[in-house]
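Peer 1: Supplied structure: query.cif, mmCIF, C-alpha atoms.
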data_upload
#
loop_
_atom_site.label_atom_id
_atom_site.label_comp_id
_atom_site.auth_asym_id
_atom_site.auth_seq_id
_atom_site.Cartn_x
_atom_site.Cartn_y
_atom_site.Cartn_z
CA MET A 23 11.91 -15.14 11.23
CA LYS A 24 14.48 -13.58 8.90
CA PHE A 25 14.63 -13.14 5.14
CA THR A 26 16.27 -10.97 2.49
CA LEU A 27 15.18 -9.50 -0.84
CA ASP A 28 15.76 -6.64 -3.26
CA MET A 29 13.46 -3.82 -4.28
CA LEU A 30 13.76 -2.72 -7.91
CA ASP A 31 11.45 0.29 -7.93
CA TRP A 32 8.46 1.94 -6.27
CA ARG A 33 5.61 4.35 -6.88
CA ALA A 34 3.17 5.95 -4.43
CA LEU A 35 0.15 8.24 -4.46
CA ALA A 36 -1.62 10.29 -1.78
CA PRO A 37 -3.36 13.68 -1.61
CA GLY A 38 -0.75 16.34 -2.27
CA VAL A 39 2.09 13.80 -2.57
CA ASN A 40 2.25 12.24 -6.01
CA SER A 41 5.80 12.50 -7.41
CA CYS A 42 8.97 10.74 -6.29
CA GLU A 43 10.42 14.12 -5.31
CA HIS A 44 7.37 14.93 -3.17
CA TRP A 45 7.62 11.57 -1.42
CA ILE A 46 11.30 12.05 -0.65
CA GLN A 47 10.47 15.42 0.90
CA TRP A 48 7.62 13.83 2.88
CA ALA A 49 9.90 11.02 4.11
CA HIS A 50 12.23 13.58 5.66
CA ARG A 51 9.37 15.30 7.50
CA PRO A 52 8.49 13.00 10.40
CA ASP A 53 6.48 15.86 11.93
CA ALA A 54 3.89 15.72 9.11
CA GLU A 55 0.51 15.24 10.77
CA ARG A 56 -1.60 14.35 7.77
CA PHE A 57 -1.84 14.22 4.00
CA SER A 58 -3.19 17.46 2.59
CA GLY A 59 -3.67 18.80 -0.87
CA GLU A 60 -5.51 17.86 -4.01
CA ILE A 61 -6.25 14.26 -4.91
CA PRO A 62 -4.15 13.61 -8.04
CA LYS A 63 -6.02 12.79 -11.21
CA SER A 64 -5.49 9.40 -12.80
CA THR A 65 -2.87 9.25 -15.55
CA GLN A 66 -3.30 5.57 -16.44
CA ILE A 67 -7.02 4.82 -16.11
CA PRO A 68 -9.74 5.87 -18.58
CA MET A 69 -11.98 8.56 -17.09
CA MET A 70 -15.21 6.53 -17.12
CA THR A 71 -13.47 3.58 -15.48
CA ALA A 72 -11.84 5.79 -12.85
CA ARG A 73 -15.23 7.22 -11.91
CA ARG A 74 -16.45 3.75 -10.92
CA MET A 75 -13.51 3.16 -8.57
CA SER A 76 -13.09 4.15 -4.96
CA ILE A 77 -10.21 6.56 -4.38
CA GLY A 78 -8.14 3.84 -2.71
CA SER A 79 -8.56 1.41 -5.61
CA ARG A 80 -7.81 4.15 -8.13
CA PHE A 81 -4.58 5.02 -6.33
CA ALA A 82 -3.65 1.33 -6.15
CA VAL A 83 -4.30 0.64 -9.82
CA ASP A 84 -2.59 3.85 -10.95
CA SER A 85 0.52 3.09 -8.88
CA GLY A 86 0.66 -0.49 -10.14
CA LEU A 87 0.23 0.50 -13.79
CA LEU A 88 3.01 3.08 -13.49
CA LEU A 89 5.40 0.29 -12.52
CA LEU A 90 4.09 -2.13 -15.14
CA GLU A 91 5.01 0.41 -17.83
CA ASN A 92 8.67 -0.44 -17.19
CA TYR A 93 8.69 -3.90 -15.61
CA LYS A 94 7.32 -7.34 -16.35
CA VAL A 95 6.24 -9.21 -13.24
CA ASP A 96 5.24 -12.80 -12.60
CA ALA A 97 2.49 -11.97 -10.10
CA ALA A 98 0.87 -9.12 -8.19
CA ILE A 99 -0.20 -8.97 -4.55
CA PHE A 100 -2.64 -6.39 -3.20
CA THR A 101 -2.83 -5.70 0.53
CA SER A 102 -5.29 -3.47 2.32
CA ARG A 103 -6.50 -3.16 5.88
CA HIS A 104 -9.91 -1.73 4.96
CA GLY A 105 -10.37 -2.71 1.31
CA GLU A 106 -13.53 -1.20 -0.15
CA LEU A 107 -14.90 0.10 3.17
CA GLU A 108 -15.73 3.38 1.44
CA LYS A 109 -18.27 1.60 -0.79
CA THR A 110 -19.35 -0.94 1.82
CA GLY A 111 -20.16 1.88 4.24
CA ARG A 112 -22.49 3.48 1.73
CA ILE A 113 -24.20 0.14 1.08
CA LEU A 114 -24.76 -0.45 4.79
CA HIS A 115 -26.10 3.08 5.20
CA ASN A 116 -28.61 2.51 2.39
CA LEU A 117 -29.71 -0.82 3.85
CA ALA A 118 -30.15 0.71 7.31
CA ASN A 119 -32.35 3.43 5.83
CA GLU A 120 -34.23 0.97 3.59
CA GLU A 121 -32.93 2.70 0.49
CA PRO A 122 -32.00 0.95 -2.78
CA VAL A 123 -28.43 -0.31 -3.16
CA SER A 124 -26.49 0.63 -6.29
CA PRO A 125 -25.59 -2.50 -8.33
CA THR A 126 -22.31 -0.83 -9.30
CA GLU A 127 -21.43 -0.10 -5.67
CA PHE A 128 -22.30 -3.68 -4.72
CA SER A 129 -20.19 -5.25 -7.50
CA MET A 130 -17.20 -3.07 -6.58
CA SER A 131 -17.37 -3.62 -2.81
CA VAL A 132 -15.29 -6.83 -2.62
CA HIS A 133 -11.75 -6.84 -1.22
CA ASN A 134 -10.10 -7.85 -4.51
CA THR A 135 -11.68 -5.06 -6.59
CA ALA A 136 -8.36 -3.24 -7.11
CA ALA A 137 -6.59 -6.45 -8.15
CA GLY A 138 -9.26 -7.14 -10.75
CA TRP A 139 -9.20 -3.59 -12.07
CA LEU A 140 -5.41 -3.75 -12.55
CA THR A 141 -5.60 -6.80 -14.82
CA ILE A 142 -8.58 -5.40 -16.75
CA THR A 143 -7.39 -1.80 -17.15
CA GLY A 144 -3.79 -2.71 -17.85
CA LYS A 145 -4.72 -5.72 -20.01
CA LYS A 146 -2.31 -7.76 -17.90
CA PRO A 147 -3.50 -11.36 -17.33
CA LEU A 148 -1.38 -11.73 -14.19
CA PRO A 149 -1.85 -14.10 -11.27
CA VAL A 150 -3.11 -11.79 -8.50
CA THR A 151 -4.03 -12.23 -4.86
CA SER A 152 -5.53 -9.92 -2.23
CA LEU A 153 -4.66 -10.07 1.46
CA ALA A 154 -5.98 -8.40 4.60
CA ALA A 155 -4.32 -8.81 7.99
CA GLY A 156 -5.29 -5.71 9.95
CA HIS A 157 -2.36 -3.48 10.88
CA ASP A 158 0.05 -6.16 9.61
CA SER A 159 -1.35 -6.38 6.07
CA PHE A 160 1.67 -4.95 4.22
CA GLN A 161 4.17 -7.15 6.02
CA GLN A 162 2.05 -10.23 5.39
CA GLY A 163 2.09 -9.23 1.72
CA ILE A 164 5.89 -9.08 1.95
CA LEU A 165 5.90 -12.65 3.29
CA GLU A 166 3.62 -13.75 0.44
CA ALA A 167 5.98 -12.14 -2.07
CA GLN A 168 8.96 -13.79 -0.41
CA SER A 169 7.24 -17.17 -0.74
CA MET A 170 6.61 -16.56 -4.45
CA LEU A 171 10.22 -15.55 -5.03
CA SER A 172 11.45 -18.62 -3.16
CA ALA A 173 9.19 -20.77 -5.37
CA GLY A 174 10.79 -19.44 -8.55
CA ALA A 175 9.11 -16.12 -9.40
CA SER A 176 11.53 -13.57 -10.80
CA ARG A 177 9.63 -10.36 -9.97
CA VAL A 178 6.60 -9.77 -7.79
CA MET A 179 4.68 -6.52 -7.48
CA LEU A 180 3.18 -5.66 -4.10
CA VAL A 181 0.56 -2.88 -3.88
CA ASP A 182 -0.60 -1.73 -0.45
CA PHE A 183 -3.45 0.77 -0.25
CA ASP A 184 -6.38 2.11 1.70
CA GLY A 185 -9.07 4.60 0.77
CA GLN A 186 -11.34 7.00 2.55
CA ILE A 187 -13.39 5.54 5.38
CA PRO A 188 -16.91 6.40 6.55
CA ALA A 189 -17.04 9.00 9.33
CA ILE A 190 -18.59 6.46 11.72
CA TYR A 191 -15.19 4.74 11.96
CA ASN A 192 -13.21 7.89 12.79
CA GLU A 193 -13.01 7.09 16.51
CA SER A 194 -11.42 3.68 15.94
CA VAL A 195 -9.31 4.27 12.81
CA ASN A 196 -6.62 6.89 12.29
CA SER A 197 -7.54 8.51 8.98
CA GLU A 198 -5.06 11.40 8.81
CA PHE A 199 -2.90 9.47 6.32
CA LEU A 200 -5.70 8.17 4.11
CA PRO A 201 -6.15 7.62 1.21
CA TYR A 202 -2.84 6.33 -0.16
CA ALA A 203 -1.24 3.60 -2.26
CA VAL A 204 2.31 2.26 -2.31
CA ALA A 205 3.48 -0.10 -5.07
CA ILE A 206 6.87 -1.86 -5.09
CA ILE A 207 8.66 -4.40 -7.30
CA LEU A 208 10.43 -7.13 -5.34
CA THR A 209 13.06 -9.65 -6.47
CA ALA A 210 15.29 -12.19 -4.76
CA GLY A 211 18.45 -10.65 -3.32
CA ASN A 212 20.32 -9.52 -0.24
CA THR A 213 20.10 -5.73 -0.24
CA LEU A 214 17.19 -5.56 2.23
CA GLN A 215 17.00 -7.72 5.34
CA CYS A 216 13.84 -8.11 7.42
CA GLU A 217 13.40 -9.74 10.81
CA ARG A 218 10.35 -10.19 13.00
CA VAL A 219 11.08 -8.83 16.48
CA SER A 220 9.17 -9.13 19.75
CA MET A 221 7.99 -6.06 21.61
CA PRO A 222 6.95 -7.10 25.11
CA GLY A 223 4.41 -5.07 27.03
CA GLU A 224 2.17 -2.28 25.81
CA HIS A 225 3.20 -1.00 22.38
CA GLN A 226 1.83 2.17 20.85
CA ILE A 227 0.33 1.87 17.38
CA VAL A 228 1.95 4.18 14.83
CA PRO A 229 -0.67 6.20 12.88
CA LEU A 230 1.09 5.51 9.58
CA ALA A 231 0.13 2.39 7.64
CA GLN A 232 2.94 -0.15 7.41
CA SER A 233 3.76 0.53 3.76
CA LEU A 234 4.12 4.25 4.53
CA GLN A 235 6.38 3.44 7.47
CA PHE A 236 8.43 1.23 5.15
CA LEU A 237 8.63 3.86 2.42
CA ARG A 238 9.66 6.57 4.89
CA GLY A 239 12.40 4.33 6.27
CA TYR A 240 13.54 3.21 2.83
CA LEU A 241 13.81 6.79 1.55
CA SER A 242 15.75 7.92 4.60
CA SER A 243 19.51 7.60 4.91
CA SER A 244 19.20 5.33 7.93
CA PRO A 245 20.78 1.86 7.59
CA SER A 246 17.87 0.37 9.58
CA PHE A 247 14.27 1.18 10.40
CA GLU A 248 11.27 -0.40 12.08
CA VAL A 249 7.80 -1.17 10.77
CA ASN A 250 5.16 -1.36 13.50
CA ALA A 251 2.72 -4.27 13.49
CA GLY A 252 0.22 -2.77 15.91
CA ASN A 253 0.58 -5.43 18.59
CA ARG A 254 3.40 -7.17 20.46
CA HIS A 255 5.70 -7.65 17.51
CA GLY A 256 7.24 -5.53 14.80
CA TRP A 257 9.52 -5.84 11.79
CA GLN A 258 13.11 -4.65 11.79
CA TRP A 259 14.43 -3.71 8.37
CA SER A 260 18.07 -3.09 7.50
CA ARG A 261 19.95 -2.63 4.28
CA ASP A 262 23.32 -3.68 2.99
CA MET A 263 24.69 -0.26 2.05
CA GLN A 264 27.55 -1.81 0.07
CA CYS A 265 25.16 -3.82 -2.12
CA GLU A 266 22.90 -0.78 -2.52
CA ASN A 267 25.82 1.37 -3.69
CA LEU A 268 26.85 -1.32 -6.19
CA ASN A 269 23.31 -1.36 -7.59
#
As structure tokens - that is how I would like this structure written.

Peer 2:
Amino acid sequence: MKFTLDMLDWRALAPGVNSCEHWIQWAHRPDAERFSGEIPKSTQIPMMTARRMSIGSRFAVDSGLLLLENYKVDAAIFTSRHGELEKTGRILHNLANEEPVSPTEFSMSVHNTAAGWLTITGKKPLPVTSLAAGHDSFQQGILEAQSMLSAGASRVMLVDFDGQIPAIYNESVNSEFLPYAVAIILTAGNTLQCERVSMPGEHQIVPLAQSLQFLRGYLSSSPSFEVNAGNRHGWQWSRDMQCENLN
């Protein structure tokens, strides 16, 4: 499987890494072991609304709204491995202890919460979809965006995010690089090429989420980089440096 596209712009948020300059510095530090620092306050979401959101959803909506300030898009795609696990974990804890469940927590525990909040907060009646595909969620969102562009969409926004997870999952989920959100604007083009590649045998899972792997590779000076899928295949990205310089 091969395809090409262009990326117009991006925004990202994580604890201690909230400006483009900070992300460029982070991308050139492959030895970074975790996100650390303060959780950035929302600049796009009203305070009372932000208080109802999980940190992951708030990052996702903030990142998306920052891009929508400057770009019109035909559709938005939200991808997340864990979705609203932060809220779902609290609900399950309350049920296990026979304690009452918060109606607000319950209503905000679905996987497409962030997508809904974007359209409501930004007053953008966009077609939106939410996807979850485990470790491969971001790349499956890329394929969804590619399908939309092939069907005639001019610009598609993809937002990949994950929030804090309950401590009970710490043994099975790498949480050093949580929470985060990465938002990108995609269009048809030939600057970026992506190919699914096989990786026979045992393949080590990279602790970084796919969108963070992608952003680190994109912000580097390397003409190609790999995004791990967490199983026996991966995604090889390369860029046409000549087209990129012309842009």

Peer 1: Please, what distance in Å, to one decimal, runs between atom CA of Leu107 of chain A and atom CA of Gly156 of chain A?

Peer 2: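 Atom CA of Gly156 of chain A lies at a distance of 13.1 Å from atom CA of Leu107 of chain A.
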
Peer 1: So what does the PyMOL selection byres ((chain A and resi 169-177) around 12) actually pick up in this one, as JSON, numbers by chain?

Peer 2: {"A": [25, 26, 27, 28, 29, 30, 31, 89, 90, 93, 94, 95, 96, 97, 98, 99, 148, 149, 150, 151, 162, 163, 164, 165, 166, 167, 168, 178, 179, 180, 206, 207, 208, 209, 210, 211]}

Peer 1: Point out the residue among A:Gln161, A:Asn116, A:Asn192, A:Gln186 with the least atom-to-atom distance to Glu248 of chain A, counting all atoms listed in the file.

Peer 2: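 Using all atoms listed in the file, the shortest distance to Glu248 of chain A belongs to A:Gln161.
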
Peer 1: Find the residues near His157 of chain A: any atom within 7 Å, counting all atoms listed in the file, skip ones fewer than 2 places away on the same chain, and give them as a ChimeraX atom specification.

Peer 2: /A:103,155,159,251-252

Peer 1: Could you check how far atom CA of Ala205 of chain A sits from atom CA of Leu237 of chain A, in Å to one decimal?

Peer 2: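 According to the coordinates, atom CA of Ala205 of chain A and atom CA of Leu237 of chain A are separated by 9.9 Å.
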
Peer 1: Return the single residue from A:Glu120, A:Ile142, A:Lys24, A:Ser131 that is closest to Trp259 of chain A, with distances computed using all atoms listed in the file.

Peer 2: A:Lys24

Peer 1: So how many Å separate atom CA of Asn40 of chain A and atom CA of Gly86 of chain A, to one decimal?

Peer 2: 13.5 Å

Peer 1: Under the rule that only C-alpha atoms are counted, which of A:Cys216, A:Ala72, A:Leu234, A:Val132 is the nearest residue to Ser246 of chain A?

Peer 2: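 For Ser246 of chain A, the nearest of the candidates is A:Cys216.
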
Peer 1: Any chance you could work out the axis-aligned box around segment 122-128 of chain A, listed atoms only, 8 Å on each side, giving centre and edge lengths in Å to one decimal, as JSON?

Peer 2:
{"center_x": -26.7, "center_y": -1.4, "center_z": -6.0, "size_x": 26.6, "size_y": 20.6, "size_z": 22.5}

Peer 1: In terms of the shortest atom-to-atom distance over all atoms listed in the file, which of A:Ile187, A:Met221, A:Ala154, A:Val181 is closest to Phe81 of chain A?

Peer 2: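 Selected residue with least distance to Phe81 of chain A: A:Val181.
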
Peer 1: Choose the residue, out of A:Gln47, A:Pro68, A:Leu214, A:Leu230, that has the smallest atom-to-atom separation from Ser260 of chain A; count all atoms listed in the file.

Peer 2: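 Answer, going by the shortest atom-to-atom distance: A:Leu214.
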
Peer 1: In terms of the shortest atom-to-atom distance over only C-alpha atoms, which of A:Arg56, A:Arg33, A:His255, A:Lys109 is closest to Ala82 of chain A?

Peer 2: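 So, comparing all the options, the nearest one is A:Arg33.
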
Peer 1: Quick check on the file I pasted: which residues fall under the PyMOL selection byres ((chain A and resi 219) around 8)? Write them as a tab-separated table (two decimals) with C-alpha atoms, in the coordinates of the input.

Peer 2:
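The result, written out as expr-v1.tsv:
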chain	number	residue	atom	x	y	z
A	217	GLU	CA	13.40	-9.74	10.81
A	218	ARG	CA	10.35	-10.19	13.00
A	220	SER	CA	9.17	-9.13	19.75
A	221	MET	CA	7.99	-6.06	21.61
A	255	HIS	CA	5.70	-7.65	17.51
A	256	GLY	CA	7.24	-5.53	14.80
A	257	TRP	CA	9.52	-5.84	11.79
A	258	GLN	CA	13.11	-4.65	11.79

Peer 1: Name the residues that the PyMOL selection byres ((chain A and resi 243) around 12) picks from the file above, as JSON, numbers by chain, using the file's chain letters and numbers.

Peer 2: {"A": [46, 49, 50, 237, 238, 239, 240, 241, 242, 244, 245, 246, 247, 260, 261, 263, 266]}

Peer 1: Applying 12 Å and only C-alpha atoms, which residues near Met75 of chain A remain after dropping the ones on its own chain fewer than 6 positions away? List them as number ranges by chain.

Peer 2: A: 64, 67-69, 81-84, 105-106, 108-109, 126-132, 135-140, 143, 185-186

Peer 1: Keeping only C-alpha atoms, write the selected residues as a CSV table (one decimal), in the coordinates of the input.

Peer 2:
chain,number,residue,atom,x,y,z
A,64,SER,CA,-5.5,9.4,-12.8
A,67,ILE,CA,-7.0,4.8,-16.1
A,68,PRO,CA,-9.7,5.9,-18.6
A,69,MET,CA,-12.0,8.6,-17.1
A,81,PHE,CA,-4.6,5.0,-6.3
A,82,ALA,CA,-3.6,1.3,-6.2
A,83,VAL,CA,-4.3,0.6,-9.8
A,84,ASP,CA,-2.6,3.8,-11.0
A,105,GLY,CA,-10.4,-2.7,1.3
A,106,GLU,CA,-13.5,-1.2,-0.2
A,108,GLU,CA,-15.7,3.4,1.4
A,109,LYS,CA,-18.3,1.6,-0.8
A,126,THR,CA,-22.3,-0.8,-9.3
A,127,GLU,CA,-21.4,-0.1,-5.7
A,128,PHE,CA,-22.3,-3.7,-4.7
A,129,SER,CA,-20.2,-5.2,-7.5
A,130,MET,CA,-17.2,-3.1,-6.6
A,131,SER,CA,-17.4,-3.6,-2.8
A,132,VAL,CA,-15.3,-6.8,-2.6
A,135,THR,CA,-11.7,-5.1,-6.6
A,136,ALA,CA,-8.4,-3.2,-7.1
A,137,ALA,CA,-6.6,-6.4,-8.2
A,138,GLY,CA,-9.3,-7.1,-10.8
A,139,TRP,CA,-9.2,-3.6,-12.1
A,140,LEU,CA,-5.4,-3.8,-12.6
A,143,THR,CA,-7.4,-1.8,-17.2
A,185,GLY,CA,-9.1,4.6,0.8
A,186,GLN,CA,-11.3,7.0,2.6
